[in-house]
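A.B. asks: Just entry13.pdb, nothing more (PDB, C-alpha atoms and all ligand atoms):
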ATOM      1  CA  MET E 294     -62.334  72.557 282.431  1.00  0.00           C
ATOM      2  CA  ALA E 295     -64.405  70.429 284.791  1.00  0.00           C
ATOM      3  CA  LEU E 296     -68.133  70.439 284.411  1.00  0.00           C
ATOM      4  CA  PRO E 297     -70.291  70.906 287.509  1.00  0.00           C
ATOM      5  CA  SER E 298     -70.426  67.545 289.231  1.00  0.00           C
ATOM      6  CA  THR E 299     -73.852  66.263 290.144  1.00  0.00           C
ATOM      7  CA  TYR E 300     -74.893  63.034 291.793  1.00  0.00           C
ATOM      8  CA  ALA E 301     -76.154  61.794 288.415  1.00  0.00           C
ATOM      9  CA  ASP E 302     -72.837  62.647 286.744  1.00  0.00           C
ATOM     10  CA  ARG E 303     -70.854  60.738 289.337  1.00  0.00           C
ATOM     11  CA  ASN E 304     -72.677  57.612 288.251  1.00  0.00           C
ATOM     12  CA  CYS E 305     -72.321  58.033 284.527  1.00  0.00           C
ATOM     13  CA  SER E 306     -68.969  58.009 282.801  1.00  0.00           C
ATOM     14  CA  LEU E 307     -70.436  59.950 279.882  1.00  0.00           C
ATOM     15  CA  ALA E 308     -70.004  63.098 281.965  1.00  0.00           C
ATOM     16  CA  ARG E 309     -66.356  62.261 282.632  1.00  0.00           C
ATOM     17  CA  ALA E 310     -65.747  61.435 278.965  1.00  0.00           C
ATOM     18  CA  LEU E 311     -67.330  64.720 277.899  1.00  0.00           C
ATOM     19  CA  GLU E 312     -64.934  66.594 280.156  1.00  0.00           C
ATOM     20  CA  VAL E 313     -62.236  65.287 277.811  1.00  0.00           C
ATOM     21  CA  VAL E 314     -63.891  65.423 274.385  1.00  0.00           C
ATOM     22  CA  GLY E 315     -67.065  67.484 274.900  1.00  0.00           C
ATOM     23  CA  GLU E 316     -65.696  70.943 274.288  1.00  0.00           C
ATOM     24  CA  ARG E 317     -66.250  72.619 270.941  1.00  0.00           C
ATOM     25  CA  TRP E 318     -63.584  71.629 268.381  1.00  0.00           C
ATOM     26  CA  THR E 319     -62.101  68.791 270.414  1.00  0.00           C
ATOM     27  CA  LEU E 320     -63.714  65.890 268.571  1.00  0.00           C
ATOM     28  CA  MET E 321     -62.990  67.584 265.257  1.00  0.00           C
ATOM     29  CA  ILE E 322     -59.321  67.761 266.188  1.00  0.00           C
ATOM     30  CA  VAL E 323     -59.494  64.067 267.079  1.00  0.00           C
ATOM     31  CA  ARG E 324     -61.250  63.331 263.771  1.00  0.00           C
ATOM     32  CA  ASP E 325     -58.533  65.143 261.838  1.00  0.00           C
ATOM     33  CA  ALA E 326     -55.895  63.209 263.766  1.00  0.00           C
ATOM     34  CA  PHE E 327     -57.567  60.015 262.498  1.00  0.00           C
ATOM     35  CA  PHE E 328     -57.404  61.498 259.002  1.00  0.00           C
ATOM     36  CA  GLY E 329     -53.642  61.892 259.382  1.00  0.00           C
ATOM     37  CA  VAL E 330     -53.280  65.504 260.445  1.00  0.00           C
ATOM     38  CA  ARG E 331     -50.366  65.808 262.879  1.00  0.00           C
ATOM     39  CA  ARG E 332     -48.991  69.331 262.671  1.00  0.00           C
ATOM     40  CA  PHE E 333     -50.295  72.443 264.405  1.00  0.00           C
ATOM     41  CA  GLY E 334     -50.387  74.445 261.181  1.00  0.00           C
ATOM     42  CA  ASP E 335     -52.252  71.665 259.377  1.00  0.00           C
ATOM     43  CA  PHE E 336     -54.920  71.451 262.109  1.00  0.00           C
ATOM     44  CA  ALA E 337     -55.246  75.237 262.030  1.00  0.00           C
ATOM     45  CA  ALA E 338     -55.611  75.372 258.239  1.00  0.00           C
ATOM     46  CA  GLN E 339     -58.007  72.455 258.030  1.00  0.00           C
ATOM     47  CA  LEU E 340     -60.303  73.497 260.883  1.00  0.00           C
ATOM     48  CA  GLY E 341     -60.196  77.287 260.585  1.00  0.00           C
ATOM     49  CA  ILE E 342     -59.940  77.316 264.382  1.00  0.00           C
ATOM     50  CA  PRO E 343     -58.446  80.280 266.278  1.00  0.00           C
ATOM     51  CA  ARG E 344     -54.840  79.412 267.090  1.00  0.00           C
ATOM     52  CA  ALA E 345     -55.223  80.144 270.802  1.00  0.00           C
ATOM     53  CA  VAL E 346     -58.166  77.729 270.994  1.00  0.00           C
ATOM     54  CA  LEU E 347     -56.251  75.085 269.062  1.00  0.00           C
ATOM     55  CA  THR E 348     -53.296  75.480 271.432  1.00  0.00           C
ATOM     56  CA  SER E 349     -55.558  75.019 274.435  1.00  0.00           C
ATOM     57  CA  ARG E 350     -57.387  71.999 272.994  1.00  0.00           C
ATOM     58  CA  LEU E 351     -54.177  70.245 271.937  1.00  0.00           C
ATOM     59  CA  LYS E 352     -52.675  70.822 275.369  1.00  0.00           C
ATOM     60  CA  ALA E 353     -55.738  69.364 277.071  1.00  0.00           C
ATOM     61  CA  LEU E 354     -55.736  66.322 274.769  1.00  0.00           C
ATOM     62  CA  VAL E 355     -52.051  65.726 275.527  1.00  0.00           C
ATOM     63  CA  GLN E 356     -52.689  66.080 279.271  1.00  0.00           C
ATOM     64  CA  GLU E 357     -55.458  63.507 279.041  1.00  0.00           C
ATOM     65  CA  GLY E 358     -53.253  61.119 277.086  1.00  0.00           C
ATOM     66  CA  VAL E 359     -55.431  61.198 273.958  1.00  0.00           C
ATOM     67  CA  LEU E 360     -52.629  62.731 271.888  1.00  0.00           C
ATOM     68  CA  VAL E 361     -48.896  62.559 272.330  1.00  0.00           C
ATOM     69  CA  ARG E 362     -46.768  65.580 271.499  1.00  0.00           C
ATOM     70  CA  ASP E 363     -43.606  64.523 269.724  1.00  0.00           C
ATOM     71  CA  ASP E 364     -40.854  67.067 269.143  1.00  0.00           C
ATOM     72  CA  ASP E 365     -38.025  65.694 267.003  1.00  0.00           C
ATOM     73  CA  GLY E 366     -35.628  68.273 268.426  1.00  0.00           C
ATOM     74  CA  SER E 367     -35.379  70.411 265.307  1.00  0.00           C
ATOM     75  CA  GLY E 368     -38.640  72.216 265.785  1.00  0.00           C
ATOM     76  CA  ASN E 369     -40.838  69.698 263.989  1.00  0.00           C
ATOM     77  CA  VAL E 370     -43.649  68.959 266.400  1.00  0.00           C
ATOM     78  CA  GLU E 371     -46.276  66.314 265.720  1.00  0.00           C
ATOM     79  CA  TYR E 372     -49.410  65.383 267.605  1.00  0.00           C
ATOM     80  CA  ARG E 373     -50.378  61.747 267.243  1.00  0.00           C
ATOM     81  CA  LEU E 374     -53.200  59.688 268.695  1.00  0.00           C
ATOM     82  CA  THR E 375     -52.182  57.380 271.524  1.00  0.00           C
ATOM     83  CA  ASP E 376     -53.773  53.939 271.907  1.00  0.00           C
ATOM     84  CA  LYS E 377     -56.243  55.622 274.260  1.00  0.00           C
ATOM     85  CA  GLY E 378     -56.959  58.179 271.543  1.00  0.00           C
ATOM     86  CA  VAL E 379     -57.403  55.539 268.841  1.00  0.00           C
ATOM     87  CA  GLU E 380     -60.061  53.958 271.087  1.00  0.00           C
ATOM     88  CA  LEU E 381     -62.197  57.019 270.292  1.00  0.00           C
ATOM     89  CA  TRP E 382     -62.654  55.835 266.694  1.00  0.00           C
ATOM     90  CA  PRO E 383     -66.000  54.108 267.350  1.00  0.00           C
ATOM     91  CA  VAL E 384     -67.255  57.375 268.879  1.00  0.00           C
ATOM     92  CA  VAL E 385     -66.189  59.435 265.868  1.00  0.00           C
ATOM     93  CA  ARG E 386     -67.520  56.791 263.460  1.00  0.00           C
ATOM     94  CA  ALA E 387     -70.877  56.605 265.249  1.00  0.00           C
ATOM     95  CA  LEU E 388     -71.357  60.371 265.324  1.00  0.00           C
ATOM     96  CA  MET E 389     -70.423  60.669 261.648  1.00  0.00           C
ATOM     97  CA  GLY E 390     -72.913  57.889 260.870  1.00  0.00           C
ATOM     98  CA  TRP E 391     -75.639  59.579 262.887  1.00  0.00           C
ATOM     99  CA  GLY E 392     -74.939  62.867 261.100  1.00  0.00           C
ATOM    100  CA  ASP E 393     -75.075  61.121 257.719  1.00  0.00           C
ATOM    101  CA  ALA E 394     -78.335  59.369 258.579  1.00  0.00           C
ATOM    102  CA  HIS E 395     -80.150  62.499 259.677  1.00  0.00           C
ATOM    103  CA  TYR E 396     -78.484  65.413 257.905  1.00  0.00           C
ATOM    104  CA  SER E 397     -77.018  64.107 254.650  1.00  0.00           C
ATOM    105  CA  PRO E 398     -79.899  63.103 252.334  1.00  0.00           C
ATOM    106  CA  ALA E 399     -77.503  62.410 249.439  1.00  0.00           C
ATOM    107  CA  GLY E 400     -75.777  59.657 251.440  1.00  0.00           C
ATOM    108  CA  VAL E 401     -72.658  59.238 253.522  1.00  0.00           C
ATOM    109  CA  LYS E 402     -70.112  62.015 253.242  1.00  0.00           C
ATOM    110  CA  ARG E 403     -67.205  59.698 253.906  1.00  0.00           C
ATOM    111  CA  ALA E 404     -67.274  55.992 253.204  1.00  0.00           C
ATOM    112  CA  THR E 405     -65.096  53.488 255.034  1.00  0.00           C
ATOM    113  CA  ARG E 406     -63.568  50.388 253.479  1.00  0.00           C
ATOM    114  CA  HIS E 407     -61.200  47.599 254.396  1.00  0.00           C
ATOM    115  CA  ASP E 408     -58.007  48.773 252.700  1.00  0.00           C
ATOM    116  CA  GLN E 409     -56.771  45.246 251.899  1.00  0.00           C
ATOM    117  CA  ASP E 410     -59.788  44.085 249.889  1.00  0.00           C
ATOM    118  CA  GLY E 411     -61.823  47.261 249.356  1.00  0.00           C
ATOM    119  CA  GLY E 412     -64.821  45.755 251.182  1.00  0.00           C
ATOM    120  CA  PRO E 413     -67.277  48.307 252.591  1.00  0.00           C
ATOM    121  CA  LEU E 414     -67.531  48.409 256.397  1.00  0.00           C
ATOM    122  CA  ASP E 415     -70.797  47.876 258.227  1.00  0.00           C
ATOM    123  CA  PRO E 416     -71.871  50.307 260.989  1.00  0.00           C
ATOM    124  CA  ASP E 417     -69.860  48.290 263.532  1.00  0.00           C
ATOM    125  CA  GLY E 418     -66.670  48.545 261.463  1.00  0.00           C
ATOM    126  CA  ARG E 419     -66.741  44.975 260.142  1.00  0.00           C
ATOM    127  CA  CYS E 420     -65.718  44.330 256.523  1.00  0.00           C
ATOM    128  CA  GLN E 421     -68.729  43.169 254.545  1.00  0.00           C
ATOM    129  CA  ASP E 422     -66.483  41.221 252.136  1.00  0.00           C
ATOM    130  CA  CYS E 423     -64.225  39.235 254.461  1.00  0.00           C
ATOM    131  CA  GLY E 424     -66.036  39.626 257.796  1.00  0.00           C
ATOM    132  CA  VAL E 425     -63.014  40.945 259.707  1.00  0.00           C
ATOM    133  CA  LEU E 426     -63.462  43.608 262.372  1.00  0.00           C
ATOM    134  CA  VAL E 427     -61.050  45.995 260.672  1.00  0.00           C
ATOM    135  CA  PRO E 428     -58.315  47.563 262.827  1.00  0.00           C
ATOM    136  CA  VAL E 429     -58.163  51.356 262.600  1.00  0.00           C
ATOM    137  CA  PRO E 430     -54.896  51.530 260.565  1.00  0.00           C
ATOM    138  CA  ASP E 431     -56.427  49.209 257.948  1.00  0.00           C
ATOM    139  CA  ILE E 432     -59.513  51.367 257.422  1.00  0.00           C
ATOM    140  CA  ARG E 433     -59.591  53.313 254.174  1.00  0.00           C
ATOM    141  CA  ILE E 434     -61.689  56.466 254.139  1.00  0.00           C
ATOM    142  CA  GLU E 435     -62.909  58.075 250.934  1.00  0.00           C
ATOM    143  CA  PRO E 436     -65.499  60.593 249.770  1.00  0.00           C
ATOM    144  CA  GLY E 437     -69.003  59.060 249.655  1.00  0.00           C
ATOM    145  CA  PRO E 438     -72.114  60.016 247.657  1.00  0.00           C
ATOM    146  CA  GLY E 439     -72.983  62.838 250.080  1.00  0.00           C
ATOM    147  CA  PHE E 440     -69.558  64.423 249.833  1.00  0.00           C
ATOM    148  CA  VAL E 441     -69.650  68.030 248.649  1.00  0.00           C
ATOM    149  CA  ALA E 442     -66.624  69.076 246.622  1.00  0.00           C
ATOM    150  CA  ALA E 443     -64.970  72.415 247.370  1.00  0.00           C
ATOM    151  CA  ASP E 444     -65.885  75.413 245.213  1.00  0.00           C
ATOM    152  CA  SER E 445     -62.265  76.380 244.818  1.00  0.00           C
ATOM    153  CA  GLU E 446     -58.943  74.588 244.719  1.00  0.00           C
ATOM    154  CA  PRO E 447     -58.682  72.900 248.128  1.00  0.00           C
ATOM    155  CA  ASP E 448     -55.642  73.486 250.314  1.00  0.00           C
ATOM    156  CA  ARG E 449     -52.995  70.757 250.492  1.00  0.00           C
ATOM    157  CA  VAL E 450     -54.326  69.235 253.737  1.00  0.00           C
ATOM    158  CA  SER E 451     -57.953  69.153 252.581  1.00  0.00           C
ATOM    159  CA  PHE E 452     -56.894  67.627 249.288  1.00  0.00           C
ATOM    160  CA  ALA E 453     -55.027  64.843 251.076  1.00  0.00           C
ATOM    161  CA  ILE E 454     -57.875  64.188 253.497  1.00  0.00           C
ATOM    162  CA  ASN E 455     -60.430  64.041 250.691  1.00  0.00           C
ATOM    163  CA  THR E 456     -58.429  61.559 248.638  1.00  0.00           C
ATOM    164  CA  PRO E 457     -58.935  57.853 249.480  1.00  0.00           C
ATOM    165  CA  ARG E 458     -56.432  57.082 252.226  1.00  0.00           C
ATOM    166  CA  ARG E 459     -55.857  54.900 255.243  1.00  0.00           C
ATOM    167  CA  LEU E 460     -56.644  56.308 258.671  1.00  0.00           C
ATOM    168  CA  LEU E 461     -53.658  57.593 260.686  1.00  0.00           C
ATOM    169  CA  GLU E 462     -51.431  57.802 257.596  1.00  0.00           C
ATOM    170  CA  PRO E 463     -49.729  61.194 257.953  1.00  0.00           C
ATOM    171  CA  VAL E 464     -50.965  63.970 255.687  1.00  0.00           C
ATOM    172  CA  THR E 465     -47.543  65.598 255.858  1.00  0.00           C
ATOM    173  CA  PRO E 466     -44.686  63.066 255.871  1.00  0.00           C
ATOM    174  CA  ARG E 467     -42.136  64.016 258.488  1.00  0.00           C
ATOM    175  CA  ALA E 468     -39.372  64.340 255.900  1.00  0.00           C
ATOM    176  CA  ALA E 469     -41.399  67.120 254.297  1.00  0.00           C
ATOM    177  CA  ALA E 470     -42.179  68.884 257.558  1.00  0.00           C
ATOM    178  CA  GLY E 471     -40.610  72.269 258.028  1.00  0.00           C
ATOM    179  CA  ARG E 472     -40.344  72.957 254.318  1.00  0.00           C
ATOM    180  CA  ASP E 473     -43.396  75.174 254.273  1.00  0.00           C
TER     181      ASP E 473
HETATM  182 ZN    ZN K 501     -62.147  42.759 254.113  1.00  0.00          ZN
END
Output the file's structure as structure tokens, nothing else.

C.D. replies:
Amino acid sequence: MALPSTYADRNCSLARALEVVGERWTLMIVRDAFFGVRRFGDFAAQLGIPRAVLTSRLKALVQEGVLVRDDDGSGNVEYRLTDKGVELWPVVRALMGWGDAHYSPAGVKRATRHDQDGGPLDPDGRCQDCGVLVPVPDIRIEPGPGFVAADSEPDRVSFAINTPRRLLEPVTPRAAAGRD
């Protein structure tokens, strides 16, 4: 849905970017895609989002080329970040960092590390051990000191997401898809 276009908006690409990712839920869907969620039912369970809204957001993200919809022909549909979608990582990382800094007094909720050497990443995504600007698939995400554990047994998707893992690694391997 296009926002009203003003003269100021025409000269700032933030307005155009927000037409793609500024609606409620959209960035959280993108975040979960970074965390390895690929299936409609897994997004729905993890986000607690109304299914009609999820359908509409996924469709818009596919139309914009942020996600690709991949149907293997036997009814197993996956949504995966495209290269254009993966380029949103610095946005997600920065907003999570801003949220941690101002609303998480106990510390970061999710820490990022270089998967190869375990080095912590600086705010720009550079490994503080080896100095490499770590590519997204080599980033390990894990619960940090501000992480709040669930009161009850977490669902399968939440459990996977809250266990140290590399970004983009699928929460549900395709071989297992369709079994539940
Ligand atoms: Zn490193």

A.B. asks: Could you write out as a list in words the residues that the PyMOL selection byres (((chain E and resi 330) around 10) and not hetatm) matches in the shown file?

C.D. replies: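 Given this file, the PyMOL selection byres (((chain E and resi 330) around 10) and not hetatm) evaluates to Ile322, Val323, Arg324, Asp325, Ala326, Phe327, Phe328, Gly329, Arg331, Arg332, Phe333, Gly334, Asp335, Phe336, Gln339, Glu371, Tyr372, Arg373, Val450, Ser451, Ala453, Ile454, Leu460, Leu461, Glu462, Pro463, Val464 and Thr465 of chain E.
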
A.B. asks: Around ligand ZN 501 (chain K), at most 6 Å away and counting only C-alpha atoms and all ligand atoms, which residues are there? Put them as a ChimeraX atom specification, please.

C.D. replies: /E:407,410,412,420,422-423,425

A.B. asks: Between E:Ala443, E:Met321, E:Ser367, E:Arg458, which residue has the minimum interatomic distance to Gln409 of chain E, considering all atoms listed in the file?

C.D. replies: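 Closest residue, counting all atoms listed in the file: E:Arg458.
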
A.B. asks: Which residues match the PyMOL selection byres (((chain E and resi 416) around 10) and not hetatm) in the file above, as a PDB file with C-alpha atoms, in the frame of the given file?

C.D. replies:
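File produced: part20.pdb:
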ATOM      1  CA  PRO E 383     -66.000  54.108 267.350  1.00  0.00           C
ATOM      2  CA  ARG E 386     -67.520  56.791 263.460  1.00  0.00           C
ATOM      3  CA  ALA E 387     -70.877  56.605 265.249  1.00  0.00           C
ATOM      4  CA  GLY E 390     -72.913  57.889 260.870  1.00  0.00           C
ATOM      5  CA  THR E 405     -65.096  53.488 255.034  1.00  0.00           C
ATOM      6  CA  PRO E 413     -67.277  48.307 252.591  1.00  0.00           C
ATOM      7  CA  LEU E 414     -67.531  48.409 256.397  1.00  0.00           C
ATOM      8  CA  ASP E 415     -70.797  47.876 258.227  1.00  0.00           C
ATOM      9  CA  ASP E 417     -69.860  48.290 263.532  1.00  0.00           C
ATOM     10  CA  GLY E 418     -66.670  48.545 261.463  1.00  0.00           C
ATOM     11  CA  ARG E 419     -66.741  44.975 260.142  1.00  0.00           C
ATOM     12  CA  CYS E 420     -65.718  44.330 256.523  1.00  0.00           C
TER      13      CYS E 420
END

A.B. asks: Name the closest residue to Val361 of chain E among the candidates E:Ala399, E:Leu374, E:Ile432, E:Leu347; distances are taken between atoms, counting all atoms listed in the file.

C.D. replies: E:Leu374

A.B. asks: Counting all atoms listed in the file, what is within 9 Å of Met389 of chain E, bar same-chain residues fewer than 5 positions away, as a VMD selection string?

C.D. replies: chain E and resid 384 394 401 to 403

A.B. asks: Between E:Gly411, E:Pro447, E:Arg459, E:Gln421, which is the closest to Arg433 of chain E once you count only C-alpha atoms?

C.D. replies: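 Closest to Arg433 of chain E, using only C-alpha atoms: E:Arg459.
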
A.B. asks: So for segment 319-324 of chain E, what box centre and size do we get, axis-aligned, 8 Å extra on each of the six sides, every listed atom, Å to one decimal, as AutoDock Vina command-line options?

C.D. replies:
--center_x -61.5 --center_y 66.1 --center_z 267.1 --size_x 20.4 --size_y 21.5 --size_z 22.6

A.B. asks: Between atom CA of Lys377 of chain E and atom CA of Gly358 of chain E, what is the distance in Å, rounded to a tenth?

C.D. replies: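 Straight-line distance from atom CA of Lys377 of chain E to atom CA of Gly358 of chain E works out to 6.9 Å.
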
A.B. asks: In Å, with one decimal, what is the gap from atom CA of Gly400 of chain E to atom CA of Val385 of chain E?

C.D. replies: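 Calculated distance between atom CA of Gly400 of chain E and atom CA of Val385 of chain E is 17.3 Å.
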
A.B. asks: Take atom CA of Asp408 of chain E and atom CA of Pro438 of chain E and report the distance between them in Å, one decimal.

C.D. replies: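 Distance reported for this atom pair: 18.7 Å.
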